[in-house]
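start-v6.txt, holding compact mmCIF, C-alpha atoms:
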```
# COMPACT_ATOMS: atom_id res chain seq x y z
CA MET T 8 91.31 118.45 -48.44
CA VAL T 9 92.25 119.50 -51.98
CA THR T 10 94.35 117.82 -54.61
CA CYS T 11 97.41 119.69 -55.84
CA PRO T 12 97.00 120.10 -59.60
CA GLU T 13 100.78 120.10 -59.99
CA CYS T 14 101.80 116.90 -58.16
CA GLU T 15 98.40 115.37 -57.20
CA SER T 16 99.30 115.33 -53.49
CA SER T 17 96.59 115.95 -50.91
CA VAL T 18 96.70 119.38 -49.26
CA VAL T 19 94.78 120.12 -46.08
CA PRO T 20 94.00 123.84 -45.50
CA ALA T 21 94.55 125.09 -41.95
CA GLY T 22 91.28 125.81 -40.13
CA THR T 23 88.12 126.55 -42.09
CA PRO T 24 88.96 127.16 -45.76
CA VAL T 25 87.71 130.30 -47.50
CA ILE T 26 87.38 131.12 -51.18
CA GLY T 27 90.48 132.84 -52.48
CA GLU T 28 92.67 131.39 -49.74
CA ILE T 29 96.23 130.58 -50.67
CA VAL T 30 97.55 127.24 -49.43
CA GLU T 31 100.92 125.69 -50.08
CA CYS T 32 101.38 122.13 -51.22
CA GLY T 33 103.63 120.41 -48.68
CA GLU T 34 104.96 118.09 -51.34
CA CYS T 35 105.94 120.34 -54.28
CA ALA T 36 105.63 123.81 -52.61
CA SER T 37 103.21 125.05 -55.28
CA GLU T 38 100.89 127.81 -54.16
CA LEU T 39 97.24 126.88 -54.63
CA GLU T 40 94.17 129.08 -54.55
CA ILE T 41 90.92 127.65 -53.21
CA LEU T 42 88.25 128.25 -55.86
CA THR T 43 85.14 126.55 -54.46
CA LEU T 44 84.18 125.14 -51.08
CA ASP T 45 81.47 122.59 -51.87
CA PRO T 46 83.02 120.63 -53.35
CA ILE T 47 86.38 122.05 -52.34
CA ARG T 48 88.57 122.67 -55.37
CA ALA T 49 91.86 124.47 -55.88
CA ALA T 50 93.98 125.60 -58.81
CA LEU T 51 97.51 126.90 -59.08
CA ALA T 52 97.58 130.41 -57.61
CA PRO T 53 98.35 133.31 -59.97
CA GLU T 54 102.01 134.06 -60.54
CA ILE T 55 103.49 136.96 -58.57
CA GLU T 56 103.19 140.22 -60.49
CA GLU T 57 105.75 143.01 -60.61
CA ASP T 58 103.88 145.41 -58.32
CA TRP T 59 102.82 142.87 -55.72
CA GLY T 60 104.02 143.43 -52.22
CA GLU T 61 103.30 144.60 -48.74
CA MET E 24 78.41 147.33 -51.63
CA SER E 25 75.57 146.78 -49.21
CA PRO E 26 75.00 149.05 -46.20
CA ALA E 27 74.11 145.88 -44.26
CA GLU E 28 77.78 145.01 -44.48
CA PRO E 29 79.58 147.93 -42.88
CA PHE E 30 83.00 146.38 -43.33
CA VAL E 31 84.56 145.18 -46.55
CA VAL E 32 87.88 143.41 -46.91
CA LEU E 33 89.19 143.98 -50.42
CA ALA E 34 91.73 141.37 -51.45
CA SER E 35 92.51 139.30 -54.51
CA ARG E 36 94.67 136.95 -52.50
CA VAL E 37 93.63 135.61 -49.09
CA GLY E 38 96.98 134.93 -47.52
CA ALA E 39 97.56 133.99 -43.90
CA SER E 40 97.20 137.61 -42.69
CA GLU E 41 93.93 138.22 -44.57
CA LYS E 42 92.55 134.95 -43.26
CA ARG E 43 93.37 135.95 -39.69
CA ILE E 44 91.52 139.26 -40.20
CA LEU E 45 88.46 137.55 -41.75
CA GLU E 46 88.42 135.03 -38.89
CA ALA E 47 88.65 137.83 -36.30
CA LEU E 48 85.66 139.60 -37.91
CA SER E 49 83.62 136.37 -37.97
CA ARG E 50 84.59 135.42 -34.41
CA ARG E 51 83.19 138.75 -33.19
CA GLY E 52 80.01 138.35 -35.23
CA ILE E 53 80.74 141.53 -37.21
CA ALA E 54 78.90 141.77 -40.54
CA HIS E 55 81.44 141.96 -43.30
CA ARG E 56 82.18 140.87 -46.82
CA HIS E 57 85.31 139.79 -48.59
CA ILE E 58 85.42 141.22 -52.09
CA ASP E 59 87.82 139.71 -54.60
CA SER E 60 89.40 142.75 -56.24
CA ARG E 61 89.84 140.79 -59.48
CA THR E 62 86.06 140.93 -59.91
CA TRP E 63 85.45 144.43 -58.53
CA TRP E 64 84.48 147.38 -60.69
CA HIS E 65 83.15 150.79 -59.87
CA PRO E 66 80.87 153.13 -61.83
CA LEU E 67 82.10 156.71 -61.55
CA GLY E 68 79.66 158.95 -59.71
CA ASP E 69 78.12 156.11 -57.69
CA ARG E 70 77.84 157.29 -54.09
CA GLY E 71 75.72 154.46 -52.68
CA ALA E 72 76.59 152.67 -49.46
CA HIS E 73 79.62 153.86 -47.51
CA PRO E 74 81.27 150.84 -45.97
CA ILE E 75 84.62 150.98 -44.24
CA VAL E 76 87.00 149.19 -46.56
CA LEU E 77 90.11 147.41 -45.37
CA ASN E 78 92.28 147.49 -48.47
CA ARG E 79 94.38 144.32 -48.54
CA GLU E 80 94.86 144.20 -52.28
CA ILE E 81 98.36 142.89 -52.94
CA GLY E 82 98.89 144.61 -56.31
CA LEU E 83 99.95 148.24 -55.86
CA ALA E 84 98.19 149.53 -59.00
CA ARG E 85 94.92 147.82 -58.09
CA ALA E 86 95.21 148.87 -54.43
CA THR E 87 95.82 152.52 -55.30
CA TYR E 88 93.06 152.87 -57.90
CA ALA E 89 90.57 150.98 -55.73
CA ALA E 90 91.32 153.24 -52.76
CA GLU E 91 90.91 156.38 -54.88
CA ALA E 92 87.64 155.17 -56.41
CA LEU E 93 86.19 154.12 -53.07
CA GLU E 94 87.18 157.36 -51.36
CA ALA E 95 85.62 159.34 -54.23
CA ALA E 96 82.42 157.38 -53.59
CA GLY E 97 82.46 158.33 -49.91
CA SER E 98 83.94 155.23 -48.33
CA ILE E 99 86.56 155.28 -45.61
CA VAL E 100 89.48 153.23 -46.86
CA VAL E 101 92.18 151.84 -44.60
CA ASN E 102 94.89 152.52 -45.57
CA SER E 103 93.91 155.65 -47.46
CA ALA E 104 94.70 156.16 -51.13
CA ARG E 105 97.34 158.72 -50.17
CA ALA E 106 99.02 156.40 -47.67
CA THR E 107 99.00 153.59 -50.23
CA ALA E 108 100.57 155.83 -52.87
CA LEU E 109 103.22 157.12 -50.44
CA CYS E 110 104.14 153.69 -49.07
CA GLY E 111 104.02 152.05 -52.49
CA ASP E 112 106.81 154.20 -53.87
CA LYS E 113 110.17 154.13 -52.12
CA TRP E 114 111.13 157.63 -53.22
CA ARG E 115 107.85 159.14 -51.98
CA THR E 116 108.28 157.26 -48.70
CA SER E 117 111.83 158.57 -48.28
CA ALA E 118 110.73 162.12 -49.10
CA ALA E 119 107.95 161.93 -46.49
CA LEU E 120 110.35 160.54 -43.86
CA VAL E 121 112.88 163.31 -44.51
CA GLU E 122 110.12 165.93 -44.50
CA ALA E 123 109.07 164.65 -41.06
CA GLY E 124 112.67 164.92 -39.83
CA LEU E 125 113.06 161.19 -39.27
CA PRO E 126 116.39 159.38 -39.51
CA THR E 127 116.70 157.38 -42.72
CA PRO E 128 119.64 156.31 -44.90
CA ARG E 129 121.02 158.93 -47.30
CA THR E 130 119.02 158.56 -50.49
CA ALA E 131 119.24 159.92 -54.03
CA LEU E 132 117.11 159.72 -57.14
CA GLY E 133 118.61 159.56 -60.62
CA LEU E 134 116.25 160.29 -63.48
CA THR E 135 118.45 158.23 -65.79
CA PRO E 136 120.97 155.44 -65.14
CA GLU E 137 123.70 157.86 -66.26
CA ALA E 138 122.61 160.43 -63.68
CA ALA E 139 122.49 157.67 -61.08
CA LEU E 140 126.13 156.85 -61.75
CA THR E 141 127.02 160.48 -61.05
CA ALA E 142 124.84 160.47 -57.91
CA LEU E 143 126.73 157.42 -56.64
CA GLU E 144 129.92 159.50 -56.47
CA SER E 145 128.10 161.55 -53.84
CA ILE E 146 126.38 158.64 -52.04
CA GLY E 147 129.62 156.65 -52.04
CA TYR E 148 130.31 152.93 -52.27
CA PRO E 149 129.07 150.48 -51.23
CA ALA E 150 125.52 151.53 -52.06
CA VAL E 151 122.17 149.90 -52.75
CA VAL E 152 119.89 150.30 -55.76
CA LYS E 153 116.20 149.49 -55.38
CA PRO E 154 113.19 149.51 -57.69
CA LEU E 155 110.78 152.32 -56.83
CA GLN E 156 108.01 149.79 -56.37
CA GLY E 157 107.95 146.24 -55.15
CA SER E 158 108.46 144.30 -51.98
CA TRP E 159 110.15 141.32 -50.43
CA GLY E 160 113.59 142.54 -51.46
CA ARG E 161 113.01 141.79 -55.13
CA LEU E 162 115.57 143.38 -57.50
CA VAL E 163 117.30 145.15 -54.63
CA SER E 164 120.98 145.07 -55.54
CA ALA E 165 124.19 145.82 -53.69
CA LEU E 166 126.67 148.07 -55.50
CA PRO E 167 130.04 147.45 -53.84
CA ASP E 168 131.99 149.50 -56.39
CA ARG E 169 131.71 151.59 -59.55
CA GLN E 170 132.35 148.63 -61.84
CA THR E 171 129.35 146.75 -60.42
CA ALA E 172 127.25 149.93 -60.56
CA GLU E 173 128.04 150.39 -64.25
CA THR E 174 127.01 146.80 -64.95
CA VAL E 175 123.75 146.92 -62.94
CA LEU E 176 122.79 150.32 -64.36
CA GLU E 177 123.40 149.05 -67.88
CA TYR E 178 120.72 146.45 -67.20
CA VAL E 179 118.46 149.11 -65.65
CA ALA E 180 118.85 151.20 -68.84
CA ALA E 181 117.53 148.27 -70.87
CA LEU E 182 114.31 147.89 -68.85
CA PRO E 183 111.21 148.60 -70.96
CA SER E 184 109.19 150.64 -68.44
CA PRO E 185 110.13 154.37 -68.21
CA GLN E 186 109.48 154.26 -64.45
CA ALA E 187 111.87 151.32 -64.03
CA ARG E 188 114.67 153.44 -65.49
CA ILE E 189 114.33 156.01 -62.71
CA VAL E 190 116.94 154.97 -60.19
CA TYR E 191 116.53 154.98 -56.41
CA LEU E 192 119.85 154.80 -54.55
CA GLN E 193 120.70 154.50 -50.89
CA GLU E 194 123.84 154.42 -48.87
CA TRP E 195 124.83 151.00 -47.60
CA ILE E 196 124.12 150.54 -43.90
CA ALA E 197 126.20 147.85 -42.21
CA LYS E 198 123.32 146.43 -40.18
CA PRO E 199 124.00 143.67 -37.64
CA GLY E 200 122.48 140.78 -39.66
CA ARG E 201 118.95 141.82 -38.80
CA ASP E 202 116.35 144.50 -39.19
CA ILE E 203 113.33 145.31 -37.06
CA ARG E 204 109.73 145.05 -38.26
CA VAL E 205 107.23 147.01 -36.15
CA ILE E 206 103.46 146.71 -36.55
CA VAL E 207 101.65 149.99 -36.01
CA VAL E 208 97.86 150.10 -35.80
CA GLY E 209 95.97 153.32 -35.15
CA GLY E 210 99.01 155.20 -33.88
CA GLU E 211 100.08 152.42 -31.51
CA ALA E 212 103.17 150.26 -31.95
CA LEU E 213 101.76 146.81 -31.20
CA ALA E 214 104.77 144.56 -31.50
CA ALA E 215 108.18 144.22 -33.06
CA THR E 216 110.26 141.38 -34.40
CA TYR E 217 113.85 141.02 -35.43
CA ARG E 218 114.22 139.56 -38.89
CA ARG E 219 117.55 137.74 -38.92
CA SER E 220 119.35 136.44 -41.95
CA GLU E 221 122.87 135.62 -43.05
CA HIS E 222 121.97 137.34 -46.32
CA TRP E 223 122.15 141.14 -46.35
CA ARG E 224 118.53 141.28 -47.56
CA THR E 225 116.67 140.47 -44.33
CA ASN E 226 113.26 139.87 -45.89
CA VAL E 227 111.20 136.99 -44.50
CA ALA E 228 110.25 136.21 -48.12
CA ARG E 229 113.97 135.53 -48.65
CA GLY E 230 114.27 133.18 -45.71
CA ALA E 231 114.91 135.57 -42.82
CA VAL E 232 113.69 134.28 -39.47
CA SER E 233 111.35 136.34 -37.26
CA GLU E 234 111.92 136.46 -33.54
CA LEU E 235 110.47 138.70 -30.90
CA CYS E 236 112.14 142.08 -30.37
CA PRO E 237 111.63 143.92 -27.09
CA MET E 238 109.53 147.02 -27.73
CA THR E 239 111.62 149.92 -26.45
CA PRO E 240 110.27 153.47 -26.21
CA ASP E 241 112.70 154.51 -28.99
CA ILE E 242 111.48 151.78 -31.36
CA ALA E 243 107.82 152.51 -30.61
CA LYS E 244 108.18 156.27 -30.99
CA LEU E 245 110.12 156.08 -34.25
CA ALA E 246 107.77 153.50 -35.79
CA VAL E 247 104.66 155.51 -34.89
CA ARG E 248 106.20 158.70 -36.29
CA ALA E 249 107.19 156.90 -39.50
CA ALA E 250 103.65 155.56 -39.98
CA GLN E 251 102.28 159.07 -39.37
CA ALA E 252 104.74 160.55 -41.88
CA VAL E 253 103.19 158.47 -44.67
CA GLU E 254 99.66 158.73 -43.19
CA ALA E 255 99.41 154.95 -42.74
CA GLU E 256 96.94 153.85 -40.06
CA ILE E 257 97.98 150.21 -40.34
CA ALA E 258 101.65 149.83 -41.13
CA GLY E 259 104.64 147.57 -41.07
CA VAL E 260 107.59 149.83 -40.34
CA ASP E 261 111.07 148.52 -41.12
CA LEU E 262 113.89 149.89 -38.98
CA ILE E 263 117.59 149.15 -39.19
CA GLU E 264 120.40 149.75 -36.74
CA ASP E 265 123.55 151.37 -38.07
CA GLY E 266 127.09 150.70 -36.84
CA THR E 267 126.57 152.99 -33.84
CA GLY E 268 123.25 151.39 -32.88
CA GLU E 269 121.22 154.36 -34.07
CA LEU E 270 117.81 153.42 -35.48
CA LEU E 271 116.98 154.44 -39.05
CA VAL E 272 113.66 154.08 -40.84
CA LEU E 273 114.05 152.04 -44.01
CA GLU E 274 110.49 151.81 -45.30
CA VAL E 275 106.83 151.64 -44.35
CA ASN E 276 104.54 148.92 -45.71
CA HIS E 277 100.86 149.73 -46.20
CA GLY E 278 99.66 146.14 -46.66
CA VAL E 279 101.68 144.60 -43.90
CA GLU E 280 101.88 140.82 -43.71
CA PHE E 281 101.93 139.81 -40.08
CA SER E 282 101.52 136.06 -39.97
CA GLY E 283 105.22 135.43 -39.21
CA LEU E 284 105.22 138.16 -36.59
CA GLN E 285 102.05 136.71 -35.02
CA GLN E 286 103.68 133.29 -34.76
CA ALA E 287 106.67 134.87 -33.00
CA LEU E 288 104.30 136.82 -30.72
CA GLY E 289 102.20 133.83 -29.67
CA ASP E 290 99.11 134.82 -27.73
CA ALA E 291 100.57 138.04 -26.30
CA VAL E 292 98.82 140.31 -28.83
CA SER E 293 96.47 139.46 -31.68
CA VAL E 294 97.32 141.77 -34.57
CA ALA E 295 94.18 140.77 -36.49
CA ASP E 296 91.95 141.52 -33.48
CA ARG E 297 93.64 144.88 -32.99
CA ILE E 298 93.03 145.71 -36.66
CA VAL E 299 89.35 144.79 -36.25
CA GLU E 300 89.11 146.92 -33.10
CA PHE E 301 90.63 149.82 -35.02
CA LEU E 302 88.03 149.42 -37.79
CA LEU E 303 85.28 149.45 -35.15
CA GLU E 304 86.74 152.64 -33.63
CA LYS E 305 86.79 154.14 -37.13
CA SER E 306 83.17 153.17 -37.64
CA ARG E 307 82.12 154.72 -34.32
CA SER E 308 83.96 157.97 -35.03
CA CYS E 309 82.31 158.15 -38.48
CA SER E 310 78.80 157.76 -37.06
CA GLU E 311 79.27 160.43 -34.38
```
For the structure just supplied, provide its representation as structure tokens.
Amino acid sequence: MVTCPECESSVVPAGTPVIGEIVECGECASELEILTLDPIRAALAPEIEEDWGE
Amino acid sequence: MSPAEPFVVLASRVGASEKRILEALSRRGIAHRHIDSRTWWHPLGDRGAHPIVLNREIGLARATYAAEALEAAGSIVVNSARATALCGDKWRTSAALVEAGLPTPRTALGLTPEAALTALESIGYPAVVKPLQGSWGRLVSALPDRQTAETVLEYVAALPSPQARIVYLQEWIAKPGRDIRVIVVGGEALAATYRRSEHWRTNVARGAVSELCPMTPDIAKLAVRAAQAVEAEIAGVDLIEDGTGELLVLEVNHGVEFSGLQQALGDAVSVADRIVEFLLEKSRSCSE
């Protein structure tokens, strides 16, 4: 479980978390990036850049 | 990159699709490493280990340069640098589709907004203007008439990047509130979904809903040919149906996101497992 840095809600990653994983805060819809696993920490994910895509 | 890790997943962002792929590799006990492309650098001339690299970098510039550098060093990159460059640019994609003789909406390129306005007289209204690069329907605009086109192109003319002022235009296709996303892996059309929306931009990122689409021989054949046209071994091919029901190829995505499609598919096919199997086949063919 990680704490959303935006709204301080608890966010539970699906399955086993991995570093770099993007999870969405169910409360404020912020995208978070998991930075460390032990202890598990997350920060706001980088903003979408112009050339991002599929 | 260590030779003990024959497979590398290059990604700065581990989204749901990347996580499924990493989990499929781990589940099969396949040695691999996830490299965060934000920390990756490459010394020119280094031809050390030759892993097979699954390029899942979300930024087109980073994905293209990484693929070129890794291929120059002897790695097999999926998708290749050429496929990434072709898929990452809508004009190059369209040119490859037309070259392959595939049905696609009528398209024109204007080297200036003024030229684009002239081109629109030939394309006709309504039309669509799209940025050459980018995904998820961002900045794709409908041009119902000349007045709107003049306004939109005035904004395009004010964009700071020279590339952004090159204008990609397409005829408007009156699609039936949906498009079709087909996942192609290794020359096989694995699955297809309808993406339905009340908005004319039927991107899932814009709220379109994915639901299973029956895989017909026509859909499978066209999607596989489209992926081949842009040399993409793993691809998300977008098809649309015109007013007569004919299928047209809209675009091919080299870094296809498949989490929504997988949810619609259920357990019928695992896209991530099929991607891993394809990487294993690649590895076997390289060692022969």
(message) Ranking T:Cys11, T:Ala49, T:Val19, T:Ile26 by minimum distance to chain E and counting all atoms listed in the file, which one comes first?
(response)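 Of all the options, T:Ile26 lies closest to chain E.
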(request) Figure out the distance between atom CA of E:Ala34 and atom CA of E:Arg79, please, to one decimal in Å. (result) 4.9 Å
(request) Would you mind reading off the distance between atom CA of E:Ala172 and atom CA of E:Arg204, one decimal, in Å? (result)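 It comes out at 28.8 Å.
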(message) Using all atoms listed in the file for the distances, tell me which of E:Glu41, E:Ala86, E:Val31, E:Glu300 is nearest to T:Val25.
(response) E:Glu41
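The chain E residues that come within 8 Å of chain T are Ser35, Arg36, Val37, Gly38, Ala39, Lys42, Asp59, Ile81, Gly82, Leu83, Ala84, Gln156, Gly157, Ser158, Trp159, Asn276, His277, Gly278, Val279 and Glu280 of chain E, with all atoms listed in the file taken into account.
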Who sits within 8 Å of E:Leu109, all atoms listed in the file, same chain under 5 positions skipped, as a compact mmCIF listing (two decimals) with C-alpha atoms, in the coordinates of the input:
```txt
# COMPACT_ATOMS: atom_id res chain seq x y z
CA ARG E 115 107.85 159.14 -51.98
CA THR E 116 108.28 157.26 -48.70
CA ALA E 119 107.95 161.93 -46.49
CA VAL E 253 103.19 158.47 -44.67
```
(message) With distances taken over all atoms listed in the file, which residue among E:Pro74, E:Gly210, E:Pro237, E:Gly111 lies nearest E:Val275?
(response)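 Of the candidates, the smallest distance to E:Val275 is held by E:Gly111.
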(request) Rank nothing, just name the residue among E:Trp114, E:Pro199, E:Glu137, E:Val207 nearest to E:Tyr178, using only C-alpha atoms. (result)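 Of E:Trp114, E:Pro199, E:Glu137, E:Val207, the one nearest E:Tyr178, counting only C-alpha atoms, is E:Glu137.
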(request) Find the residues around E:Leu120 up to 9 Å (all atoms listed in the file counted), leave out those fewer than 5 positions away in its own chain, and share them as a list in words. (result)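 My list of contacting residues is Arg115, Leu125, Pro126, Thr127, Arg248, Ala249, Ala252, Val253, Val272 and Glu274 of chain E.
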Those selected residues, please, written with C-alpha atoms and delivered as a tab-separated table (two decimals), keeping the file's coordinate frame.
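Done, and the output landed in selection06.tsv:
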```
chain	number	residue	atom	x	y	z
E	115	ARG	CA	107.85	159.14	-51.98
E	125	LEU	CA	113.06	161.19	-39.27
E	126	PRO	CA	116.39	159.38	-39.51
E	127	THR	CA	116.70	157.38	-42.72
E	248	ARG	CA	106.20	158.70	-36.29
E	249	ALA	CA	107.19	156.90	-39.50
E	252	ALA	CA	104.74	160.55	-41.88
E	253	VAL	CA	103.19	158.47	-44.67
E	272	VAL	CA	113.66	154.08	-40.84
E	274	GLU	CA	110.49	151.81	-45.30
```
(request) Quick one: residues within 10 Å of (98.7, 120.7, -57.1) (file frame), counting only C-alpha atoms, please, as a list of chain:residue names. (result)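 Output of the proximity query reads T:Val9, T:Thr10, T:Cys11, T:Pro12, T:Glu13, T:Cys14, T:Glu15, T:Ser16, T:Ser17, T:Val18, T:Glu31, T:Cys32, T:Gly33, T:Glu34, T:Cys35, T:Ala36, T:Ser37, T:Glu38, T:Leu39, T:Glu40, T:Ala49, T:Ala50, T:Leu51, T:Ala52.
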(message) What does the structure give for the distance between atom CA of E:Gln285 and atom CA of E:Thr216, in Å to one decimal?
(response)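 Atom CA of E:Gln285 sits 9.5 Å away from atom CA of E:Thr216.
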Around all of stretch 48-57 of chain E's listed atoms, make the axis-aligned box with 4 Å on each side and tell me centre and edge lengths in Å to one decimal, as JSON.
```
{"center_x": 82.3, "center_y": 138.7, "center_z": -40.9, "size_x": 14.8, "size_y": 14.5, "size_z": 23.4}
```
(request) Using all atoms listed in the file, determine which residues lie at most 12 Å from E:Gly268, disregarding the query and same-chain residues fewer than 2 positions distant; provide the list as a PyMOL selection string. (result) chain E and resi 196-199+202+241-242+262-266+270-271
